[in-house]
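Participant: Can you read through this structure? Questions will come right after.
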There are 2 protein chains.
Amino acid sequence: MESTACLIGLDWGTSSLRAYLFAANGQVIDQRSAPQRILSVTDGQFAQTWQSLCTPWLVQSATLPVIASGMIGSRQGWREAAYLPTPAGFDELGHALTVLDDLAGRDFRIVPGLSHRNGSLPDVMRGEETQVAGLLADTGKPGGMAAPAAREDRLRIVLPGTHSKWVQVTQARIVAFRSYMTGEVYAVMQKNSILGRTSAEPSAQDEAELGAYWQAFDAAVRLAASQPQSLLALFFSTRSKGLFGELNAIEQSGWLSGLTIGCELGAELGEHAGTGSAPDSPHHESIIIVGSRELAQRYERALHLLGHAAQIAGGEPAARGLFTIAQRAGLLA
Amino acid sequence: MESTACLIGLDWGTSSLRAYLFAANGQVIDQRSAPQRILSVTDGQFAQTWQSLCTPWLVQSATLPVIASGMIGSRQGWREAAYLPTPAGFDELGHALTVLDDLAGRDFRIVPGLSHRNGSLPDVMRGEETQVAGLLADTGKPGGMAAPAAREDRLRIVLPGTHSKWVQVTQARIVAFRSYMTGEVYAVMQKNSILGRTSAEPSAQDEAELGAYWQAFDAAVRLAASQPQSLLALFFSTRSKGLFGELNAIEQSGWLSGLTIGCELGAELGEHAGTGSAPDSPHHESIIIVGSRELAQRYERALHLLGHAAQIAGGEPAARGLFTIAQRAGLLA
């Protein structure tokens with residue numbers, strides 16, 4: 001391993017720290033992870049935290065360059081890496097790294113987040129720009145994105161999550177994006193509102209429960225996508241349908257998830273016409289989904305329901321993005 | 001007092017218990033209140049709770065008829081009073097009271113809630129039907145609603161709250177309604193989401209803070225009313241505008257309130273066109289607001305911003321409604 005390692009990449013966000021050791025050809029030689037998300041690092045011990053995780057690598061090669069993306073570059077992180085405005089691609093990202101001394105004589109580089117203006121409203125991302133860069137680097141390569149997306153000069157990408165991002169790419173640069181608080185709204189409604197009191201998650205082993213859950217999810221996706229402006233009223237239907245025995249506890253949970261995701265899709269994709277397009281007239285643009293397996297599949301299901309072509313990105317976009325941006329920044333020279 | 005009292009009315013909901021002692025002409029002779037909301041009554045001690053609050057009245061006249069409205073008639077209350085379907089007015093409500101023995105030889109009567117179908121979705125109210133009945137009884141009377149509303153055969157009423165209700169009345173009967181979880185969504189986003197971490201309420205004494213708060217509120221109402229389908233994205237703008245110094249902590253609080261109320265108004269009133277009508281082309285239908293003073297004024301402000309005529313109902317609609325329904329039920333004979 002020590003003979004070929006040439007870069008350490010850190011994907012350091014609000015849920016965990018993932019570290020990658022790269023070979024010169026971009027292959028991931030080794031990886032490690034720790035539960036030290038940004039907010040759990042105390043007294044600004046960021047240097048100690050990542051060095052401790054990566055000790056075995058640093059012992060072998062103390063001078064490896066290091067690049068990090070995610071909330072580590074936020075105000076709550078180690079050092080604020082200013083947002084770069086759209087449009088931005090590999091080169092803009094690679095040339096705007098924030099460099100700091102890692103307290104061990106090494107340079108520590110942080111990928112900037114991106115900012116974008118939707119009319120009068122600013123929007124931001126931090127970490128997703130690196131995932132998108134990784135996706136773009138992979139596109140059309142063996143093991144990367146499938147052919148349909150690779151053929152396109154323009155890509156539409158969704159990164160579902162606590163704050164979902166919809167990203168538009170033209171000629172390998174992010175030209176626009178929009179954030180939706182879908183995941184967080186679902187979570188607080190489920191956990192903290194009256195709706196959570198009567199709902200329950202299906203057990204993964206119970207086919208009947210799962211069937212009922214997904215049937216409610218599907219119906220809610222269609223409904224909310226057809227009238228996303230009514231989300232505040234549709235939320236209440238979770239309760240009233242429960243009162244009338246039209247949704248049991250499991251179904252209420254699927255219904256609420258479907259409402260939030262359906263509303264996001266309806267707003268972003270303009271599905272106001274009703275239940276989406278018929279299967280024989282699919283939308284032409286294939287949407288690429290980047291996210292954890294479970295959530296990505298949930299979005300794929302919802303998009304297909306509404307008649308959209310969609311595919312889940314494989315590989316590890318964050319790792320791939322870190323390597324590609326480091327390459328453009330000249331760190332591997 | 002003992003010579004003229006003829007009815008006890010209880011407005012018993014999820015926040016408190018309010019009791020009214022009525023004269024034969026409908027005047028409130030005395031009133032009392034207690035913090036015993038439905039969910040805080042233990043071991044089903046509903047009879048003891050209200051009798052204890054009303055002891056002075058019962059001592060004077062043990063046989064007074066009693067009528068109650070609100071969540072006391074829910075599954076979590078004393079006895080479930082089945083929902084009455086729309087359309088419903090005084091007579092339907094008065095003839096559908098649920099009667100139970102109050103454990104002291106008196107009949108205790110509960111006003112039914114209402115149910116309505118908006119397409120495939122059921123909706124419910126419980127307590128608001130009595131407030132609307134009170135409003136209708138007051139309309140056109142001295143001290144009641146002003147003339148414009150009284151002239152109309154049709155009324156549009158909003159009862160803002162945790163779960164706002166929009167009610168359509170035709171010829172003194174509730175013909176349709178729709179619930180929005182606006183108040184609860186605002187509360188959980190403010191209390192439990194990331195947005196609450198950076199926001200703060202204005203102090204009632206600080207003119208500058210209040211000015212900034214309401215300016216942000218107004219802008220958010222206009223924005224969300226013009227694109228209610230984008231609520232999940234607009235929520236995120238609270239954060240991004242905060243990051244870019246475009247909203248301070250106080251303003252973020254006003255912005256979030258404006259977004260939720262604006263979204264409700266946009267969905268209900270179809271303000272998709274933009275910033276609402278110009279002041280010189282007001283909508284013809286005047287909207288009547290029934291609710292607590294602070295919230296009613298907030299809705300009045302938002303409705304006026306969007307070019308709608310709106311007026312706040314005075315008096316005590318719940319008390320008036322209890323009396324009127326009791327009258328129709330023949331309890332005062």
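Please note that chains go A, B, ... in the order of the structure tokens, that every chain numbers its residues from 1, and that ligands are numbered from 1 in the order shown.
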Quick check: residues of chain A within 9 Å of chain B, only C-alpha atoms, returned as a PDB file with N, CA, C and O atoms, in the first residue's frame.
Facilitator:
ATOM      1  N   LEU A 121     -33.637  34.589  -3.968  1.00  0.00           N
ATOM      2  CA  LEU A 121     -33.271  33.715  -2.857  1.00  0.00           C
ATOM      3  C   LEU A 121     -31.912  33.059  -3.044  1.00  0.00           C
ATOM      4  O   LEU A 121     -31.677  32.385  -4.043  1.00  0.00           O
ATOM      5  N   PRO A 122     -31.029  33.244  -2.072  1.00  0.00           N
ATOM      6  CA  PRO A 122     -29.751  32.533  -2.143  1.00  0.00           C
ATOM      7  C   PRO A 122     -29.960  31.069  -1.782  1.00  0.00           C
ATOM      8  O   PRO A 122     -30.901  30.722  -1.076  1.00  0.00           O
ATOM      9  N   ASP A 123     -29.085  30.223  -2.284  1.00  0.00           N
ATOM     10  CA  ASP A 123     -29.125  28.810  -1.915  1.00  0.00           C
ATOM     11  C   ASP A 123     -27.679  28.359  -1.760  1.00  0.00           C
ATOM     12  O   ASP A 123     -26.769  28.979  -2.322  1.00  0.00           O
ATOM     13  N   VAL A 124     -27.476  27.320  -0.976  1.00  0.00           N
ATOM     14  CA  VAL A 124     -26.111  26.843  -0.738  1.00  0.00           C
ATOM     15  C   VAL A 124     -26.051  25.318  -0.700  1.00  0.00           C
ATOM     16  O   VAL A 124     -27.044  24.648  -0.430  1.00  0.00           O
ATOM     17  N   HIS A 163     -31.752  17.784   3.629  1.00  0.00           N
ATOM     18  CA  HIS A 163     -32.008  18.915   2.750  1.00  0.00           C
ATOM     19  C   HIS A 163     -31.676  18.458   1.326  1.00  0.00           C
ATOM     20  O   HIS A 163     -30.522  18.498   0.910  1.00  0.00           O
ATOM     21  N   ARG A 178     -31.262  23.823  -6.322  1.00  0.00           N
ATOM     22  CA  ARG A 178     -32.285  24.249  -5.381  1.00  0.00           C
ATOM     23  C   ARG A 178     -32.391  23.229  -4.251  1.00  0.00           C
ATOM     24  O   ARG A 178     -32.369  22.032  -4.502  1.00  0.00           O
ATOM     25  N   SER A 179     -32.519  23.735  -3.032  1.00  0.00           N
ATOM     26  CA  SER A 179     -32.604  22.859  -1.858  1.00  0.00           C
ATOM     27  C   SER A 179     -34.038  22.770  -1.348  1.00  0.00           C
ATOM     28  O   SER A 179     -34.763  23.769  -1.346  1.00  0.00           O
ATOM     29  N   TYR A 180     -34.413  21.603  -0.889  1.00  0.00           N
ATOM     30  CA  TYR A 180     -35.728  21.354  -0.289  1.00  0.00           C
ATOM     31  C   TYR A 180     -35.511  20.730   1.084  1.00  0.00           C
ATOM     32  O   TYR A 180     -34.725  19.799   1.210  1.00  0.00           O
ATOM     33  N   MET A 181     -36.242  21.207   2.094  1.00  0.00           N
ATOM     34  CA  MET A 181     -36.049  20.657   3.442  1.00  0.00           C
ATOM     35  C   MET A 181     -36.869  19.390   3.674  1.00  0.00           C
ATOM     36  O   MET A 181     -37.284  19.100   4.802  1.00  0.00           O
ATOM     37  N   THR A 182     -37.078  18.634   2.644  1.00  0.00           N
ATOM     38  CA  THR A 182     -37.969  17.478   2.667  1.00  0.00           C
ATOM     39  C   THR A 182     -37.676  16.493   3.800  1.00  0.00           C
ATOM     40  O   THR A 182     -38.564  16.129   4.569  1.00  0.00           O
ATOM     41  N   GLU A 184     -35.943  16.815   6.534  1.00  0.00           N
ATOM     42  CA  GLU A 184     -36.091  17.365   7.880  1.00  0.00           C
ATOM     43  C   GLU A 184     -37.564  17.625   8.226  1.00  0.00           C
ATOM     44  O   GLU A 184     -37.990  17.384   9.358  1.00  0.00           O
ATOM     45  N   VAL A 185     -38.336  18.101   7.251  1.00  0.00           N
ATOM     46  CA  VAL A 185     -39.762  18.318   7.506  1.00  0.00           C
ATOM     47  C   VAL A 185     -40.435  16.981   7.826  1.00  0.00           C
ATOM     48  O   VAL A 185     -41.216  16.866   8.779  1.00  0.00           O
ATOM     49  N   ALA A 187     -39.032  14.379   9.122  1.00  0.00           N
ATOM     50  CA  ALA A 187     -38.553  13.911  10.435  1.00  0.00           C
ATOM     51  C   ALA A 187     -39.243  14.641  11.581  1.00  0.00           C
ATOM     52  O   ALA A 187     -39.692  14.013  12.543  1.00  0.00           O
ATOM     53  N   VAL A 188     -39.358  15.961  11.501  1.00  0.00           N
ATOM     54  CA  VAL A 188     -39.979  16.682  12.627  1.00  0.00           C
ATOM     55  C   VAL A 188     -41.485  16.424  12.686  1.00  0.00           C
ATOM     56  O   VAL A 188     -42.061  16.367  13.775  1.00  0.00           O
ATOM     57  N   MET A 189     -42.122  16.241  11.531  1.00  0.00           N
ATOM     58  CA  MET A 189     -43.552  15.933  11.557  1.00  0.00           C
ATOM     59  C   MET A 189     -43.783  14.546  12.154  1.00  0.00           C
ATOM     60  O   MET A 189     -44.725  14.325  12.905  1.00  0.00           O
ATOM     61  N   ASN A 192     -42.199  14.985  16.065  1.00  0.00           N
ATOM     62  CA  ASN A 192     -42.627  16.027  16.989  1.00  0.00           C
ATOM     63  C   ASN A 192     -44.061  16.519  16.824  1.00  0.00           C
ATOM     64  O   ASN A 192     -44.537  17.282  17.651  1.00  0.00           O
ATOM     65  N   SER A 193     -44.739  16.115  15.740  1.00  0.00           N
ATOM     66  CA  SER A 193     -46.115  16.601  15.571  1.00  0.00           C
ATOM     67  C   SER A 193     -47.102  15.537  16.028  1.00  0.00           C
ATOM     68  O   SER A 193     -46.738  14.402  16.326  1.00  0.00           O
ATOM     69  N   ILE A 194     -48.369  15.906  16.019  1.00  0.00           N
ATOM     70  CA  ILE A 194     -49.416  14.968  16.429  1.00  0.00           C
ATOM     71  C   ILE A 194     -49.476  13.751  15.501  1.00  0.00           C
ATOM     72  O   ILE A 194     -49.913  12.677  15.910  1.00  0.00           O
ATOM     73  N   GLN A 227     -50.699  18.262  -6.428  1.00  0.00           N
ATOM     74  CA  GLN A 227     -51.089  19.517  -5.780  1.00  0.00           C
ATOM     75  C   GLN A 227     -50.097  19.879  -4.666  1.00  0.00           C
ATOM     76  O   GLN A 227     -50.470  19.949  -3.497  1.00  0.00           O
ATOM     77  N   PRO A 228     -48.849  20.134  -5.067  1.00  0.00           N
ATOM     78  CA  PRO A 228     -47.821  20.422  -4.058  1.00  0.00           C
ATOM     79  C   PRO A 228     -48.125  21.677  -3.242  1.00  0.00           C
ATOM     80  O   PRO A 228     -47.618  21.828  -2.132  1.00  0.00           O
ATOM     81  N   GLN A 229     -48.950  22.563  -3.781  1.00  0.00           N
ATOM     82  CA  GLN A 229     -49.293  23.783  -3.044  1.00  0.00           C
ATOM     83  C   GLN A 229     -50.136  23.471  -1.810  1.00  0.00           C
ATOM     84  O   GLN A 229     -50.276  24.304  -0.934  1.00  0.00           O
ATOM     85  N   SER A 230     -50.690  22.257  -1.748  1.00  0.00           N
ATOM     86  CA  SER A 230     -51.603  21.923  -0.652  1.00  0.00           C
ATOM     87  C   SER A 230     -50.941  21.139   0.470  1.00  0.00           C
ATOM     88  O   SER A 230     -51.639  20.542   1.290  1.00  0.00           O
ATOM     89  N   LEU A 231     -49.624  21.130   0.540  1.00  0.00           N
ATOM     90  CA  LEU A 231     -48.949  20.273   1.519  1.00  0.00           C
ATOM     91  C   LEU A 231     -49.488  20.436   2.942  1.00  0.00           C
ATOM     92  O   LEU A 231     -49.714  19.457   3.648  1.00  0.00           O
ATOM     93  N   LEU A 232     -49.712  21.690   3.375  1.00  0.00           N
ATOM     94  CA  LEU A 232     -50.163  21.915   4.750  1.00  0.00           C
ATOM     95  C   LEU A 232     -51.535  21.291   4.999  1.00  0.00           C
ATOM     96  O   LEU A 232     -51.823  20.836   6.112  1.00  0.00           O
ATOM     97  N   ALA A 233     -52.373  21.262   3.970  1.00  0.00           N
ATOM     98  CA  ALA A 233     -53.677  20.608   4.099  1.00  0.00           C
ATOM     99  C   ALA A 233     -53.527  19.093   3.983  1.00  0.00           C
ATOM    100  O   ALA A 233     -54.153  18.339   4.721  1.00  0.00           O
ATOM    101  N   LEU A 234     -52.675  18.659   3.065  1.00  0.00           N
ATOM    102  CA  LEU A 234     -52.485  17.217   2.883  1.00  0.00           C
ATOM    103  C   LEU A 234     -51.924  16.577   4.152  1.00  0.00           C
ATOM    104  O   LEU A 234     -52.280  15.445   4.492  1.00  0.00           O
ATOM    105  N   PHE A 235     -51.055  17.299   4.846  1.00  0.00           N
ATOM    106  CA  PHE A 235     -50.552  16.767   6.119  1.00  0.00           C
ATOM    107  C   PHE A 235     -51.721  16.366   7.025  1.00  0.00           C
ATOM    108  O   PHE A 235     -51.704  15.318   7.654  1.00  0.00           O
ATOM    109  N   PHE A 236     -52.725  17.255   7.088  1.00  0.00           N
ATOM    110  CA  PHE A 236     -53.856  16.986   7.987  1.00  0.00           C
ATOM    111  C   PHE A 236     -54.616  15.731   7.568  1.00  0.00           C
ATOM    112  O   PHE A 236     -55.214  15.049   8.399  1.00  0.00           O
ATOM    113  N   SER A 237     -54.572  15.411   6.269  1.00  0.00           N
ATOM    114  CA  SER A 237     -55.292  14.221   5.799  1.00  0.00           C
ATOM    115  C   SER A 237     -54.727  12.945   6.408  1.00  0.00           C
ATOM    116  O   SER A 237     -55.428  11.937   6.517  1.00  0.00           O
ATOM    117  N   ARG A 239     -54.031  12.565   9.457  1.00  0.00           N
ATOM    118  CA  ARG A 239     -54.801  12.414  10.689  1.00  0.00           C
ATOM    119  C   ARG A 239     -56.261  12.035  10.398  1.00  0.00           C
ATOM    120  O   ARG A 239     -56.799  11.112  11.007  1.00  0.00           O
ATOM    121  N   SER A 240     -56.884  12.760   9.467  1.00  0.00           N
ATOM    122  CA  SER A 240     -58.311  12.511   9.229  1.00  0.00           C
ATOM    123  C   SER A 240     -58.529  11.128   8.602  1.00  0.00           C
ATOM    124  O   SER A 240     -59.486  10.434   8.950  1.00  0.00           O
ATOM    125  N   LYS A 241     -57.629  10.715   7.718  1.00  0.00           N
ATOM    126  CA  LYS A 241     -57.762   9.370   7.155  1.00  0.00           C
ATOM    127  C   LYS A 241     -57.522   8.314   8.237  1.00  0.00           C
ATOM    128  O   LYS A 241     -58.113   7.232   8.195  1.00  0.00           O
ATOM    129  N   LEU A 243     -58.380   8.763  11.437  1.00  0.00           N
ATOM    130  CA  LEU A 243     -59.606   8.784  12.236  1.00  0.00           C
ATOM    131  C   LEU A 243     -60.725   7.976  11.581  1.00  0.00           C
ATOM    132  O   LEU A 243     -61.522   7.344  12.263  1.00  0.00           O
ATOM    133  N   PHE A 244     -60.760   8.001  10.243  1.00  0.00           N
ATOM    134  CA  PHE A 244     -61.837   7.311   9.534  1.00  0.00           C
ATOM    135  C   PHE A 244     -61.453   5.880   9.145  1.00  0.00           C
ATOM    136  O   PHE A 244     -62.133   5.253   8.345  1.00  0.00           O
ATOM    137  N   THR A 260     -44.417  14.192   1.550  1.00  0.00           N
ATOM    138  CA  THR A 260     -43.285  15.120   1.512  1.00  0.00           C
ATOM    139  C   THR A 260     -42.479  14.947   0.233  1.00  0.00           C
ATOM    140  O   THR A 260     -42.151  15.934  -0.437  1.00  0.00           O
ATOM    141  N   CYS A 263     -44.487  16.145  -2.769  1.00  0.00           N
ATOM    142  CA  CYS A 263     -44.530  17.610  -2.833  1.00  0.00           C
ATOM    143  C   CYS A 263     -43.234  18.156  -3.426  1.00  0.00           C
ATOM    144  O   CYS A 263     -43.258  19.058  -4.276  1.00  0.00           O
ATOM    145  N   GLU A 264     -42.112  17.614  -2.994  1.00  0.00           N
ATOM    146  CA  GLU A 264     -40.825  18.048  -3.556  1.00  0.00           C
ATOM    147  C   GLU A 264     -40.790  17.793  -5.064  1.00  0.00           C
ATOM    148  O   GLU A 264     -40.415  18.683  -5.846  1.00  0.00           O
ATOM    149  N   GLY A 266     -43.306  17.352  -7.136  1.00  0.00           N
ATOM    150  CA  GLY A 266     -44.292  18.179  -7.827  1.00  0.00           C
ATOM    151  C   GLY A 266     -43.799  19.605  -8.014  1.00  0.00           C
ATOM    152  O   GLY A 266     -43.983  20.209  -9.071  1.00  0.00           O
ATOM    153  N   ALA A 267     -43.158  20.147  -6.973  1.00  0.00           N
ATOM    154  CA  ALA A 267     -42.655  21.518  -7.059  1.00  0.00           C
ATOM    155  C   ALA A 267     -41.493  21.606  -8.044  1.00  0.00           C
ATOM    156  O   ALA A 267     -41.418  22.521  -8.862  1.00  0.00           O
ATOM    157  N   GLU A 268     -40.594  20.635  -7.991  1.00  0.00           N
ATOM    158  CA  GLU A 268     -39.394  20.700  -8.814  1.00  0.00           C
ATOM    159  C   GLU A 268     -39.674  20.343 -10.266  1.00  0.00           C
ATOM    160  O   GLU A 268     -39.094  20.923 -11.181  1.00  0.00           O
TER     161      GLU A 268
END
Participant: Run DSSP on the backbone and grab whatever in stretch 154-232 of chain A lands in helix (DSSP H, G or I); send it over as a ChimeraX atom specification.
Facilitator: /A:182-192,194-198,207-226,228-232
Participant: Taking only C-alpha atoms into account, name the residue in A:Ile250, A:Ala137, A:Gly258, A:Ile287 that is nearest to A:Gln168.
Facilitator: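 Between A:Ile250, A:Ala137, A:Gly258, A:Ile287, the residue approaching A:Gln168 most closely is A:Ile287.
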Participant: Work out how far apart atom CA of B:Pro202 and atom CA of B:Gln215 are and give it in Å to one decimal.
Facilitator: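 If I compute the distance from atom CA of B:Pro202 to atom CA of B:Gln215, I get 12.2 Å.
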Participant: Using DSSP on the backbone, list every residue of stretch 52-222 of chain A that comes out as strand (DSSP E), and give them as a PyMOL selection string.
Facilitator: chain A and resi 66-69+84-85+88-89+98-101+107-110+114-118+121-125+154-159+164-170+173-180
Participant: Point out the residue among A:Val167, A:Ala216, A:Leu155, A:Ala329 with the least atom-to-atom distance to A:Val111, counting only C-alpha atoms.
Facilitator: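 Closest residue, counting only C-alpha atoms: A:Ala329.
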Participant: Residues near A:Gln131, anyone? I mean within 6 Å using only C-alpha atoms, not counting same-chain ones fewer than 3 positions away, as an NGL selection string.
Facilitator: :A and (128 or 134 or 317-318 or 321)
Participant: Write a file of the selected residues as a compact mmCIF listing (two decimals), in the first residue's frame, keeping C-alpha atoms.
Facilitator:
# COMPACT_ATOMS: atom_id res chain seq x y z
CA GLU A 128 -22.83 17.80 -2.62
CA GLY A 134 -17.42 12.52 -8.68
CA PRO A 317 -19.29 9.78 -5.76
CA ALA A 318 -17.77 11.64 -2.79
CA GLY A 321 -15.03 13.74 -6.47
Participant: Tell me which of B:Leu114, B:Ala5, B:Ala309, B:Ala249 sits closest to B:Gln60, counting only C-alpha atoms.
Facilitator: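 Counting only C-alpha atoms, the residue closest to B:Gln60 is B:Ala5.
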Participant: If you measure from atom CA of B:Ala133 to atom CA of B:Ser16, what distance in Å do you get, rounded to one decimal?
Facilitator: 20.2 Å
